[in-house]
>>> print(open('entry31.pdb').read())   # PDB, C-alpha atoms
ATOM      1  CA  MET V 247      -0.105 101.226 -54.307  1.00  0.00           C
ATOM      2  CA  ASN V 248      -3.760 101.962 -53.563  1.00  0.00           C
ATOM      3  CA  ARG V 249      -5.966 100.044 -51.178  1.00  0.00           C
ATOM      4  CA  SER V 250      -8.018  98.260 -53.856  1.00  0.00           C
ATOM      5  CA  ILE V 251      -4.892  96.836 -55.482  1.00  0.00           C
ATOM      6  CA  LEU V 252      -3.546  95.699 -52.108  1.00  0.00           C
ATOM      7  CA  LEU V 253      -6.879  94.059 -51.339  1.00  0.00           C
ATOM      8  CA  ALA V 254      -6.896  92.271 -54.691  1.00  0.00           C
ATOM      9  CA  ILE V 255      -3.357  90.981 -54.143  1.00  0.00           C
ATOM     10  CA  SER V 256      -4.287  89.849 -50.641  1.00  0.00           C
ATOM     11  CA  VAL V 257      -7.286  87.910 -51.944  1.00  0.00           C
ATOM     12  CA  VAL V 258      -5.222  86.223 -54.665  1.00  0.00           C
ATOM     13  CA  VAL V 259      -2.489  85.234 -52.193  1.00  0.00           C
ATOM     14  CA  SER V 260      -5.052  83.927 -49.709  1.00  0.00           C
ATOM     15  CA  LEU V 261      -6.796  81.846 -52.353  1.00  0.00           C
ATOM     16  CA  ALA V 262      -3.467  80.452 -53.527  1.00  0.00           C
ATOM     17  CA  MET V 263      -2.536  79.470 -49.969  1.00  0.00           C
ATOM     18  CA  VAL V 264      -5.889  77.778 -49.483  1.00  0.00           C
ATOM     19  CA  ALA V 265      -5.496  75.890 -52.761  1.00  0.00           C
ATOM     20  CA  VAL V 266      -2.040  74.653 -51.777  1.00  0.00           C
ATOM     21  CA  ALA V 267      -3.292  73.592 -48.354  1.00  0.00           C
ATOM     22  CA  LEU V 268      -6.210  71.705 -49.851  1.00  0.00           C
ATOM     23  CA  LEU V 269      -4.000  69.905 -52.316  1.00  0.00           C
ATOM     24  CA  TRP V 270      -1.520  69.015 -49.579  1.00  0.00           C
ATOM     25  CA  ALA V 271      -4.242  67.634 -47.335  1.00  0.00           C
ATOM     26  CA  LYS V 272      -5.909  65.649 -50.166  1.00  0.00           C
ATOM     27  CA  PRO V 273      -9.439  66.307 -48.839  1.00  0.00           C
ATOM     28  CA  LEU V 274     -11.145  64.883 -51.909  1.00  0.00           C
ATOM     29  CA  LEU V 275      -9.613  62.257 -54.131  1.00  0.00           C
ATOM     30  CA  VAL V 276     -11.344  61.993 -57.473  1.00  0.00           C
ATOM     31  CA  SER V 277     -10.441  59.394 -60.057  1.00  0.00           C
ATOM     32  CA  ASP V 278     -11.717  58.248 -63.408  1.00  0.00           C
ATOM     33  CA  VAL V 279     -11.188  54.656 -64.471  1.00  0.00           C
ATOM     34  CA  THR V 280      -9.574  54.673 -67.904  1.00  0.00           C
ATOM     35  CA  ALA V 281      -9.130  50.912 -68.274  1.00  0.00           C
ATOM     36  CA  SER V 282     -10.203  47.817 -66.339  1.00  0.00           C
ATOM     37  CA  TYR V 283      -8.533  44.425 -66.247  1.00  0.00           C
ATOM     38  CA  GLU V 284      -9.436  41.028 -64.858  1.00  0.00           C
ATOM     39  CA  VAL V 285      -6.710  39.399 -62.809  1.00  0.00           C
ATOM     40  CA  GLN V 286      -5.811  35.897 -63.951  1.00  0.00           C
ATOM     41  CA  GLY V 287      -3.021  34.537 -61.791  1.00  0.00           C
ATOM     42  CA  ASP V 288      -0.052  36.860 -62.205  1.00  0.00           C
ATOM     43  CA  SER V 289      -1.461  38.331 -65.420  1.00  0.00           C
ATOM     44  CA  ILE V 290      -4.200  40.794 -66.333  1.00  0.00           C
ATOM     45  CA  VAL V 291      -6.703  40.636 -69.199  1.00  0.00           C
ATOM     46  CA  LEU V 292      -8.339  43.788 -70.553  1.00  0.00           C
ATOM     47  CA  LEU V 293     -12.071  44.077 -69.877  1.00  0.00           C
ATOM     48  CA  GLU V 294     -12.724  47.605 -71.111  1.00  0.00           C
ATOM     49  CA  GLY V 295     -10.913  50.826 -71.948  1.00  0.00           C
ATOM     50  CA  GLU V 296      -7.771  51.610 -73.891  1.00  0.00           C
ATOM     51  CA  PRO V 297      -4.617  49.776 -72.791  1.00  0.00           C
ATOM     52  CA  GLU V 298      -1.414  51.749 -72.298  1.00  0.00           C
ATOM     53  CA  PRO V 299       2.101  50.427 -71.650  1.00  0.00           C
ATOM     54  CA  TRP V 300       2.191  51.815 -68.120  1.00  0.00           C
ATOM     55  CA  HIS V 301      -0.827  49.698 -67.126  1.00  0.00           C
ATOM     56  CA  ALA V 302       1.087  46.463 -67.635  1.00  0.00           C
ATOM     57  CA  ALA V 303       4.199  47.966 -66.030  1.00  0.00           C
ATOM     58  CA  ALA V 304       2.268  48.959 -62.898  1.00  0.00           C
ATOM     59  CA  TRP V 305       0.652  45.540 -62.597  1.00  0.00           C
ATOM     60  CA  GLU V 306       3.937  43.726 -63.170  1.00  0.00           C
ATOM     61  CA  ARG V 307       5.515  45.851 -60.448  1.00  0.00           C
ATOM     62  CA  TRP V 308       2.707  44.883 -58.050  1.00  0.00           C
ATOM     63  CA  VAL V 309       3.310  41.186 -58.777  1.00  0.00           C
ATOM     64  CA  GLU V 310       7.070  41.625 -58.461  1.00  0.00           C
ATOM     65  CA  LEU V 311       6.865  43.597 -55.231  1.00  0.00           C
ATOM     66  CA  VAL V 312       4.074  41.899 -53.272  1.00  0.00           C
ATOM     67  CA  PRO V 313       4.044  38.184 -52.395  1.00  0.00           C
ATOM     68  CA  GLU V 314       1.104  36.151 -53.650  1.00  0.00           C
ATOM     69  CA  SER V 315       0.014  35.489 -50.065  1.00  0.00           C
ATOM     70  CA  ALA V 316      -0.628  39.223 -49.619  1.00  0.00           C
ATOM     71  CA  ARG V 317      -2.259  39.962 -52.981  1.00  0.00           C
ATOM     72  CA  TRP V 318      -4.463  36.938 -53.642  1.00  0.00           C
ATOM     73  CA  ARG V 319      -7.674  38.874 -52.925  1.00  0.00           C
ATOM     74  CA  VAL V 320      -7.102  41.353 -55.770  1.00  0.00           C
ATOM     75  CA  ALA V 321      -9.266  40.139 -58.659  1.00  0.00           C
ATOM     76  CA  ARG V 322      -9.494  43.327 -60.691  1.00  0.00           C
ATOM     77  CA  PHE V 323      -7.002  46.008 -61.674  1.00  0.00           C
ATOM     78  CA  ASP V 324      -8.000  49.493 -62.843  1.00  0.00           C
ATOM     79  CA  ALA V 325      -5.901  52.244 -64.372  1.00  0.00           C
ATOM     80  CA  ILE V 326      -7.089  55.643 -63.173  1.00  0.00           C
ATOM     81  CA  ALA V 327      -6.611  59.322 -63.932  1.00  0.00           C
ATOM     82  CA  GLY V 328      -7.366  62.208 -61.588  1.00  0.00           C
ATOM     83  CA  SER V 329      -6.172  63.458 -58.219  1.00  0.00           C
ATOM     84  CA  SER V 330      -5.950  60.029 -56.592  1.00  0.00           C
ATOM     85  CA  GLU V 331      -2.689  58.090 -56.817  1.00  0.00           C
ATOM     86  CA  GLY V 332      -4.290  54.786 -55.882  1.00  0.00           C
ATOM     87  CA  GLN V 333      -7.300  53.102 -54.325  1.00  0.00           C
ATOM     88  CA  VAL V 334      -8.568  49.730 -53.214  1.00  0.00           C
ATOM     89  CA  GLU V 335     -12.237  48.835 -53.086  1.00  0.00           C
ATOM     90  CA  PRO V 336     -13.971  45.611 -52.072  1.00  0.00           C
ATOM     91  CA  ILE V 337     -15.962  43.886 -54.787  1.00  0.00           C
ATOM     92  CA  SER V 338     -17.588  41.400 -52.413  1.00  0.00           C
ATOM     93  CA  ASP V 339     -19.321  42.095 -49.098  1.00  0.00           C
ATOM     94  CA  ASN V 340     -17.172  39.483 -47.363  1.00  0.00           C
ATOM     95  CA  LEU V 341     -13.990  41.449 -48.244  1.00  0.00           C
ATOM     96  CA  GLN V 342     -12.507  38.451 -50.047  1.00  0.00           C
ATOM     97  CA  VAL V 343     -12.410  40.065 -53.506  1.00  0.00           C
ATOM     98  CA  TRP V 344     -10.941  43.516 -54.195  1.00  0.00           C
ATOM     99  CA  THR V 345     -10.142  45.984 -56.952  1.00  0.00           C
ATOM    100  CA  LEU V 346      -6.739  47.682 -57.028  1.00  0.00           C
ATOM    101  CA  ARG V 347      -6.581  51.052 -58.794  1.00  0.00           C
ATOM    102  CA  ILE V 348      -3.373  52.888 -59.649  1.00  0.00           C
ATOM    103  CA  ALA V 349      -2.595  56.113 -61.521  1.00  0.00           C
ATOM    104  CA  GLU V 350       0.331  56.753 -63.842  1.00  0.00           C
ATOM    105  CA  LEU V 351       3.250  57.694 -61.580  1.00  0.00           C
ATOM    106  CA  ASP V 352       7.016  57.673 -61.670  1.00  0.00           C
ATOM    107  CA  ASP V 353       8.667  54.528 -60.336  1.00  0.00           C
ATOM    108  CA  ARG V 354       9.224  55.716 -56.780  1.00  0.00           C
ATOM    109  CA  LEU V 355       5.787  57.237 -56.290  1.00  0.00           C
ATOM    110  CA  ARG V 356       4.198  54.162 -57.837  1.00  0.00           C
ATOM    111  CA  ASP V 357       5.946  51.928 -55.302  1.00  0.00           C
ATOM    112  CA  VAL V 358       4.796  54.138 -52.431  1.00  0.00           C
ATOM    113  CA  ALA V 359       1.228  54.109 -53.761  1.00  0.00           C
ATOM    114  CA  LEU V 360       1.256  50.323 -54.140  1.00  0.00           C
ATOM    115  CA  ILE V 361       2.519  49.823 -50.599  1.00  0.00           C
ATOM    116  CA  HIS V 362      -0.030  52.306 -49.251  1.00  0.00           C
ATOM    117  CA  GLU V 363      -2.837  50.346 -50.907  1.00  0.00           C
ATOM    118  CA  LEU V 364      -1.330  47.108 -49.630  1.00  0.00           C
ATOM    119  CA  GLY V 365      -1.534  48.666 -46.170  1.00  0.00           C
ATOM    120  CA  HIS V 366      -5.296  48.952 -46.623  1.00  0.00           C
ATOM    121  CA  LEU V 367      -5.551  45.319 -47.714  1.00  0.00           C
ATOM    122  CA  VAL V 368      -3.435  44.174 -44.768  1.00  0.00           C
ATOM    123  CA  SER V 369      -5.509  46.098 -42.222  1.00  0.00           C
ATOM    124  CA  LEU V 370      -8.788  44.881 -43.733  1.00  0.00           C
ATOM    125  CA  GLY V 371      -7.806  41.230 -44.068  1.00  0.00           C
ATOM    126  CA  PRO V 372      -9.644  38.151 -42.735  1.00  0.00           C
ATOM    127  CA  SER V 373      -7.727  38.277 -39.440  1.00  0.00           C
ATOM    128  CA  GLU V 374      -8.450  41.977 -38.980  1.00  0.00           C
ATOM    129  CA  VAL V 375     -12.122  42.667 -39.690  1.00  0.00           C
ATOM    130  CA  VAL V 376     -15.495  40.951 -39.408  1.00  0.00           C
ATOM    131  CA  PRO V 377     -17.138  42.026 -42.697  1.00  0.00           C
ATOM    132  CA  ALA V 378     -20.261  44.169 -42.448  1.00  0.00           C
ATOM    133  CA  THR V 379     -22.432  41.639 -44.253  1.00  0.00           C
ATOM    134  CA  ASP V 380     -25.533  42.544 -42.219  1.00  0.00           C
ATOM    135  CA  PRO V 381     -26.594  45.262 -39.721  1.00  0.00           C
ATOM    136  CA  SER V 382     -25.949  43.027 -36.712  1.00  0.00           C
ATOM    137  CA  VAL V 383     -22.184  43.316 -37.271  1.00  0.00           C
ATOM    138  CA  GLU V 384     -22.303  47.031 -36.506  1.00  0.00           C
ATOM    139  CA  ASP V 385     -24.853  46.602 -33.714  1.00  0.00           C
ATOM    140  CA  GLU V 386     -22.705  44.031 -31.926  1.00  0.00           C
ATOM    141  CA  CYS V 387     -19.319  45.651 -32.596  1.00  0.00           C
ATOM    142  CA  VAL V 388     -17.481  46.466 -29.362  1.00  0.00           C
ATOM    143  CA  THR V 389     -14.231  47.664 -30.949  1.00  0.00           C
ATOM    144  CA  TYR V 390     -14.087  49.970 -33.978  1.00  0.00           C
ATOM    145  CA  PHE V 391     -16.583  49.825 -36.815  1.00  0.00           C
ATOM    146  CA  SER V 392     -15.670  51.147 -40.254  1.00  0.00           C
ATOM    147  CA  VAL V 393     -17.680  50.961 -43.446  1.00  0.00           C
ATOM    148  CA  GLU V 394     -15.967  47.635 -44.204  1.00  0.00           C
ATOM    149  CA  GLY V 395     -16.752  45.989 -40.878  1.00  0.00           C
ATOM    150  CA  CYS V 396     -15.867  45.533 -37.213  1.00  0.00           C
ATOM    151  CA  ALA V 397     -12.265  45.317 -36.055  1.00  0.00           C
ATOM    152  CA  ILE V 398     -11.498  41.929 -34.512  1.00  0.00           C
ATOM    153  CA  PRO V 399     -10.378  42.305 -30.863  1.00  0.00           C
ATOM    154  CA  GLY V 400      -6.591  42.225 -30.593  1.00  0.00           C
ATOM    155  CA  SER V 401      -6.045  42.742 -34.317  1.00  0.00           C
ATOM    156  CA  LEU V 402      -3.726  45.420 -35.680  1.00  0.00           C
ATOM    157  CA  PHE V 403      -6.769  47.397 -36.814  1.00  0.00           C
ATOM    158  CA  ASP V 404      -8.334  47.225 -33.356  1.00  0.00           C
ATOM    159  CA  ARG V 405      -5.176  48.043 -31.409  1.00  0.00           C
ATOM    160  CA  PHE V 406      -4.141  50.854 -33.740  1.00  0.00           C
ATOM    161  CA  VAL V 407      -7.477  52.656 -33.607  1.00  0.00           C
ATOM    162  CA  THR V 408      -8.275  52.134 -29.928  1.00  0.00           C
ATOM    163  CA  THR V 409      -4.761  53.162 -28.889  1.00  0.00           C
ATOM    164  CA  PHE V 410      -4.209  56.174 -31.110  1.00  0.00           C
ATOM    165  CA  TRP V 411      -7.623  57.541 -32.090  1.00  0.00           C
ATOM    166  CA  ALA V 412      -9.987  59.041 -29.527  1.00  0.00           C
ATOM    167  CA  GLU V 413     -13.611  58.086 -30.126  1.00  0.00           C
ATOM    168  CA  GLU V 414     -14.621  61.656 -30.921  1.00  0.00           C
ATOM    169  CA  ASP V 415     -12.002  61.812 -33.701  1.00  0.00           C
ATOM    170  CA  ARG V 416     -12.987  58.575 -35.445  1.00  0.00           C
ATOM    171  CA  ALA V 417     -16.255  59.765 -36.959  1.00  0.00           C
ATOM    172  CA  PRO V 418     -16.280  62.160 -39.939  1.00  0.00           C
ATOM    173  CA  SER V 419     -16.173  65.783 -38.811  1.00  0.00           C
ATOM    174  CA  GLU V 420     -15.706  69.291 -40.120  1.00  0.00           C
ATOM    175  CA  GLN V 421     -12.118  69.266 -38.884  1.00  0.00           C
ATOM    176  CA  SER V 422      -9.871  68.660 -41.870  1.00  0.00           C
ATOM    177  CA  ALA V 423      -6.847  66.402 -41.943  1.00  0.00           C
ATOM    178  CA  LEU V 424      -4.684  69.497 -42.306  1.00  0.00           C
ATOM    179  CA  GLN V 425      -6.155  71.029 -39.138  1.00  0.00           C
ATOM    180  CA  ARG V 426      -5.747  67.792 -37.206  1.00  0.00           C
ATOM    181  CA  TYR V 427      -2.160  67.430 -38.377  1.00  0.00           C
ATOM    182  CA  ARG V 428      -1.263  71.012 -37.507  1.00  0.00           C
ATOM    183  CA  LEU V 429      -2.665  70.596 -34.007  1.00  0.00           C
ATOM    184  CA  ASN V 430      -0.587  67.478 -33.342  1.00  0.00           C
ATOM    185  CA  SER V 431       1.940  66.858 -36.110  1.00  0.00           C
ATOM    186  CA  GLU V 432       4.024  64.448 -34.003  1.00  0.00           C
ATOM    187  CA  ALA V 433       1.089  62.041 -33.887  1.00  0.00           C
ATOM    188  CA  TYR V 434       1.094  61.338 -37.634  1.00  0.00           C
ATOM    189  CA  VAL V 435       3.683  60.157 -40.134  1.00  0.00           C
ATOM    190  CA  SER V 436       2.231  62.527 -42.751  1.00  0.00           C
ATOM    191  CA  GLY V 437      -0.506  65.079 -43.216  1.00  0.00           C
ATOM    192  CA  TYR V 438      -2.621  62.598 -45.152  1.00  0.00           C
ATOM    193  CA  ALA V 439      -2.422  60.125 -42.267  1.00  0.00           C
ATOM    194  CA  ALA V 440      -4.567  62.514 -40.229  1.00  0.00           C
ATOM    195  CA  THR V 441      -7.517  61.982 -42.597  1.00  0.00           C
ATOM    196  CA  ASN V 442      -9.067  59.047 -40.711  1.00  0.00           C
ATOM    197  CA  PRO V 443      -7.973  55.830 -38.939  1.00  0.00           C
ATOM    198  CA  GLY V 444      -7.892  53.802 -42.161  1.00  0.00           C
ATOM    199  CA  GLU V 445      -5.607  56.232 -43.977  1.00  0.00           C
ATOM    200  CA  ASP V 446      -3.484  56.564 -40.848  1.00  0.00           C
ATOM    201  CA  ILE V 447      -2.869  52.809 -40.806  1.00  0.00           C
ATOM    202  CA  ALA V 448      -2.039  52.704 -44.527  1.00  0.00           C
ATOM    203  CA  GLU V 449       0.355  55.668 -44.330  1.00  0.00           C
ATOM    204  CA  THR V 450       2.006  54.276 -41.200  1.00  0.00           C
ATOM    205  CA  PHE V 451       2.441  50.940 -42.979  1.00  0.00           C
ATOM    206  CA  VAL V 452       4.419  52.745 -45.700  1.00  0.00           C
ATOM    207  CA  PHE V 453       6.762  54.212 -43.084  1.00  0.00           C
ATOM    208  CA  PHE V 454       7.003  50.816 -41.370  1.00  0.00           C
ATOM    209  CA  VAL V 455       8.229  49.330 -44.651  1.00  0.00           C
ATOM    210  CA  TYR V 456      10.548  52.131 -45.759  1.00  0.00           C
ATOM    211  CA  ARG V 457      12.080  53.244 -42.461  1.00  0.00           C
ATOM    212  CA  LEU V 458      14.265  51.543 -39.890  1.00  0.00           C
ATOM    213  CA  ARG V 459      12.750  50.458 -36.598  1.00  0.00           C
ATOM    214  CA  PRO V 460      11.861  53.643 -34.689  1.00  0.00           C
ATOM    215  CA  THR V 461      13.778  54.647 -31.591  1.00  0.00           C
ATOM    216  CA  GLY V 462      11.905  57.890 -30.938  1.00  0.00           C
ATOM    217  CA  THR V 463       9.073  58.503 -28.504  1.00  0.00           C
ATOM    218  CA  THR V 464       6.548  60.447 -30.567  1.00  0.00           C
ATOM    219  CA  ILE V 465       3.070  59.041 -31.127  1.00  0.00           C
ATOM    220  CA  ALA V 466       3.981  58.550 -34.791  1.00  0.00           C
ATOM    221  CA  ASP V 467       6.966  56.445 -33.671  1.00  0.00           C
ATOM    222  CA  GLU V 468       4.688  54.421 -31.395  1.00  0.00           C
ATOM    223  CA  LYS V 469       2.323  53.784 -34.292  1.00  0.00           C
ATOM    224  CA  ILE V 470       5.144  52.421 -36.440  1.00  0.00           C
ATOM    225  CA  ALA V 471       6.434  50.361 -33.504  1.00  0.00           C
ATOM    226  CA  LEU V 472       3.041  48.678 -33.158  1.00  0.00           C
ATOM    227  CA  PHE V 473       3.509  47.008 -36.555  1.00  0.00           C
ATOM    228  CA  TRP V 474       6.680  45.382 -35.229  1.00  0.00           C
ATOM    229  CA  GLU V 475       4.596  43.419 -32.718  1.00  0.00           C
ATOM    230  CA  PHE V 476       3.082  41.335 -35.530  1.00  0.00           C
ATOM    231  CA  PRO V 477       5.598  38.737 -36.830  1.00  0.00           C
ATOM    232  CA  GLU V 478       3.704  38.200 -40.080  1.00  0.00           C
ATOM    233  CA  LEU V 479       4.008  41.918 -40.863  1.00  0.00           C
ATOM    234  CA  VAL V 480       7.721  41.938 -40.060  1.00  0.00           C
ATOM    235  CA  GLU V 481       8.129  39.042 -42.495  1.00  0.00           C
ATOM    236  CA  LEU V 482       6.092  40.887 -45.141  1.00  0.00           C
ATOM    237  CA  ARG V 483       8.222  43.988 -44.584  1.00  0.00           C
ATOM    238  CA  LEU V 484      11.424  42.049 -45.228  1.00  0.00           C
ATOM    239  CA  TRP V 485       9.983  40.686 -48.474  1.00  0.00           C
ATOM    240  CA  LEU V 486       8.921  44.140 -49.649  1.00  0.00           C
ATOM    241  CA  ARG V 487      12.260  45.719 -48.773  1.00  0.00           C
ATOM    242  CA  ARG V 488      14.082  43.231 -50.986  1.00  0.00           C
ATOM    243  CA  GLY V 489      12.108  44.576 -53.921  1.00  0.00           C
ATOM    244  CA  LEU V 490      12.604  48.178 -52.814  1.00  0.00           C
ATOM    245  CA  SER V 491      16.349  47.922 -52.245  1.00  0.00           C
ATOM    246  CA  GLY V 492      17.117  50.394 -55.011  1.00  0.00           C
ATOM    247  CA  TYR V 493      14.852  53.038 -53.483  1.00  0.00           C
ATOM    248  CA  LEU V 494      15.501  52.818 -49.749  1.00  0.00           C
ATOM    249  CA  THR V 495      17.370  55.785 -48.309  1.00  0.00           C
ATOM    250  CA  GLY V 496      18.656  53.890 -45.292  1.00  0.00           C
ATOM    251  CA  SER V 497      20.187  50.421 -45.319  1.00  0.00           C
ATOM    252  CA  PRO V 498      18.724  47.748 -43.021  1.00  0.00           C
ATOM    253  CA  GLY V 499      20.516  46.955 -39.798  1.00  0.00           C
ATOM    254  CA  SER V 500      22.717  43.928 -39.300  1.00  0.00           C
ATOM    255  CA  SER V 501      20.068  41.837 -37.586  1.00  0.00           C
ATOM    256  CA  PRO V 502      16.382  41.203 -38.363  1.00  0.00           C
ATOM    257  CA  SER V 503      15.347  42.831 -35.086  1.00  0.00           C
ATOM    258  CA  GLN V 504      16.830  46.116 -36.299  1.00  0.00           C
ATOM    259  CA  ARG V 505      15.293  46.030 -39.748  1.00  0.00           C
TER     260      ARG V 505
END
>>> encode(input="entry31.pdb", output="structure tokens")
Amino acid sequence: MNRSILLAISVVVSLAMVAVALLWAKPLLVSDVTASYEVQGDSIVLLEGEPEPWHAAAWERWVELVPESARWRVARFDAIAGSSEGQVEPISDNLQVWTLRIAELDDRLRDVALIHELGHLVSLGPSEVVPATDPSVEDECVTYFSVEGCAIPGSLFDRFVTTFWAEEDRAPSEQSALQRYRLNSEAYVSGYAATNPGEDIAETFVFFVYRLRPTGTTIADEKIALFWEFPELVELRLWLRRGLSGYLTGSPGSSPSQR
């Protein structure tokens, strides 16, 4: 085989490896809204777009899975297509009204996506963040400031970021999530968790819900263990696990402290 053919094969293989790595790391999540719905209680009413059966099924699963106390801020539901499995986005500056977006997924992936997005809502709730309603919020923030606002001292958001994310890693950088994960894989529950503090919290919340209480000593284990220090999250976890009972790979322990 001559050198030019070998070079061509090498280039193709390299490009394929890069493509796989980029997809795995999810560096850019693009979505197109195909239908939008207004939330009215436990129901949704079409605002625009073409309705499909899976839209109603996804929303009904959200209502079935998540208690009203944890989903009351969602006022709009969007069906999306693209590389993103789900998103949440605030509609109001005070973070009291949100849009939930979900793609068409199989049942198990849909549940994971819903719980991931719930993790964002939990970590950006009224007890977690002072909304960035004016520039003074950022100027006076002494904890961690994200685009949504300033982490309230002692909140899950504050403790998670200040404990597990060095200041130099919190700001956007040229280092990709894949690079960060490869350098310290035991610090993250998944490759996507290494994207930024917000995604790390949401991904860790998924593992908190699906997995048993960690007994290991990795940083990822410590992140999951932090959620157990918040009784309201332990209660939410128990509620969610009742709805996920058909999908959990491990059965809960015999006592609440082990679940």
>>> closest_residue(input="entry31.pdb", among="V:Arg319, V:Arg426, V:Arg356, V:Arg459", to="Glu306 (chain V)", atoms="all atoms listed in the file")
V:Arg356
>>> closest_residue(input="entry31.pdb", among="V:Glu449, V:Glu432, V:Asp288, V:Asp324", to="Val358 (chain V)", atoms="all atoms listed in the file")
V:Glu449
>>> resolve_selection(input="entry31.pdb", expression="the PyMOL selection byres ((chain V and resi 318) around 10)", output="PyMOL selection string")
chain V and resi 285+287-288+312-317+319-321+342-344
>>> residues_around(input="entry31.pdb", residues="Ile398 (chain V)", least_positions_apart="4", cutoff="12 Å", atoms="all atoms listed in the file", output="ChimeraX atom specification")
/V:369-377,383,386-392,402-408
>>> write_last_selection(input="entry31.pdb", atoms="C-alpha atoms", output="mmCIF file, in the coordinates of the input")
data_model
loop_
_atom_site.group_PDB
_atom_site.id
_atom_site.type_symbol
_atom_site.label_atom_id
_atom_site.label_comp_id
_atom_site.auth_asym_id
_atom_site.auth_seq_id
_atom_site.Cartn_x
_atom_site.Cartn_y
_atom_site.Cartn_z
ATOM 1 C CA SER V 369 -5.509 46.098 -42.222
ATOM 2 C CA LEU V 370 -8.788 44.881 -43.733
ATOM 3 C CA GLY V 371 -7.806 41.230 -44.068
ATOM 4 C CA PRO V 372 -9.644 38.151 -42.735
ATOM 5 C CA SER V 373 -7.727 38.277 -39.440
ATOM 6 C CA GLU V 374 -8.450 41.977 -38.980
ATOM 7 C CA VAL V 375 -12.122 42.667 -39.690
ATOM 8 C CA VAL V 376 -15.495 40.951 -39.408
ATOM 9 C CA PRO V 377 -17.138 42.026 -42.697
ATOM 10 C CA VAL V 383 -22.184 43.316 -37.271
ATOM 11 C CA GLU V 386 -22.705 44.031 -31.926
ATOM 12 C CA CYS V 387 -19.319 45.651 -32.596
ATOM 13 C CA VAL V 388 -17.481 46.466 -29.362
ATOM 14 C CA THR V 389 -14.231 47.664 -30.949
ATOM 15 C CA TYR V 390 -14.087 49.970 -33.978
ATOM 16 C CA PHE V 391 -16.583 49.825 -36.815
ATOM 17 C CA SER V 392 -15.670 51.147 -40.254
ATOM 18 C CA LEU V 402 -3.726 45.420 -35.680
ATOM 19 C CA PHE V 403 -6.769 47.397 -36.814
ATOM 20 C CA ASP V 404 -8.334 47.225 -33.356
ATOM 21 C CA ARG V 405 -5.176 48.043 -31.409
ATOM 22 C CA PHE V 406 -4.141 50.854 -33.740
ATOM 23 C CA VAL V 407 -7.477 52.656 -33.607
ATOM 24 C CA THR V 408 -8.275 52.134 -29.928
#
>>> residues_around(input="entry31.pdb", residues="region 438-444 of chain V", least_positions_apart="3", cutoff="9 Å", atoms="all atoms listed in the file", output="PyMOL selection string")
chain V and resi 270-273+366+369+392+403+406-407+410-411+415-418+422-427+431+433-435+447-450
>>> closest_residue(input="entry31.pdb", among="V:Ala378, V:Val452, V:Ala412, V:Leu292", to="Leu341 (chain V)", atoms="all atoms listed in the file")
V:Ala378
>>> closest_residue(input="entry31.pdb", among="V:Ala303, V:Thr345, V:Asn340, V:Lys469", to="Glu284 (chain V)", atoms="only C-alpha atoms")
V:Thr345
>>> atom_distance(input="entry31.pdb", atom1="CA of Pro477 (chain V)", atom2="CA of Thr379 (chain V)")
29.1 Å
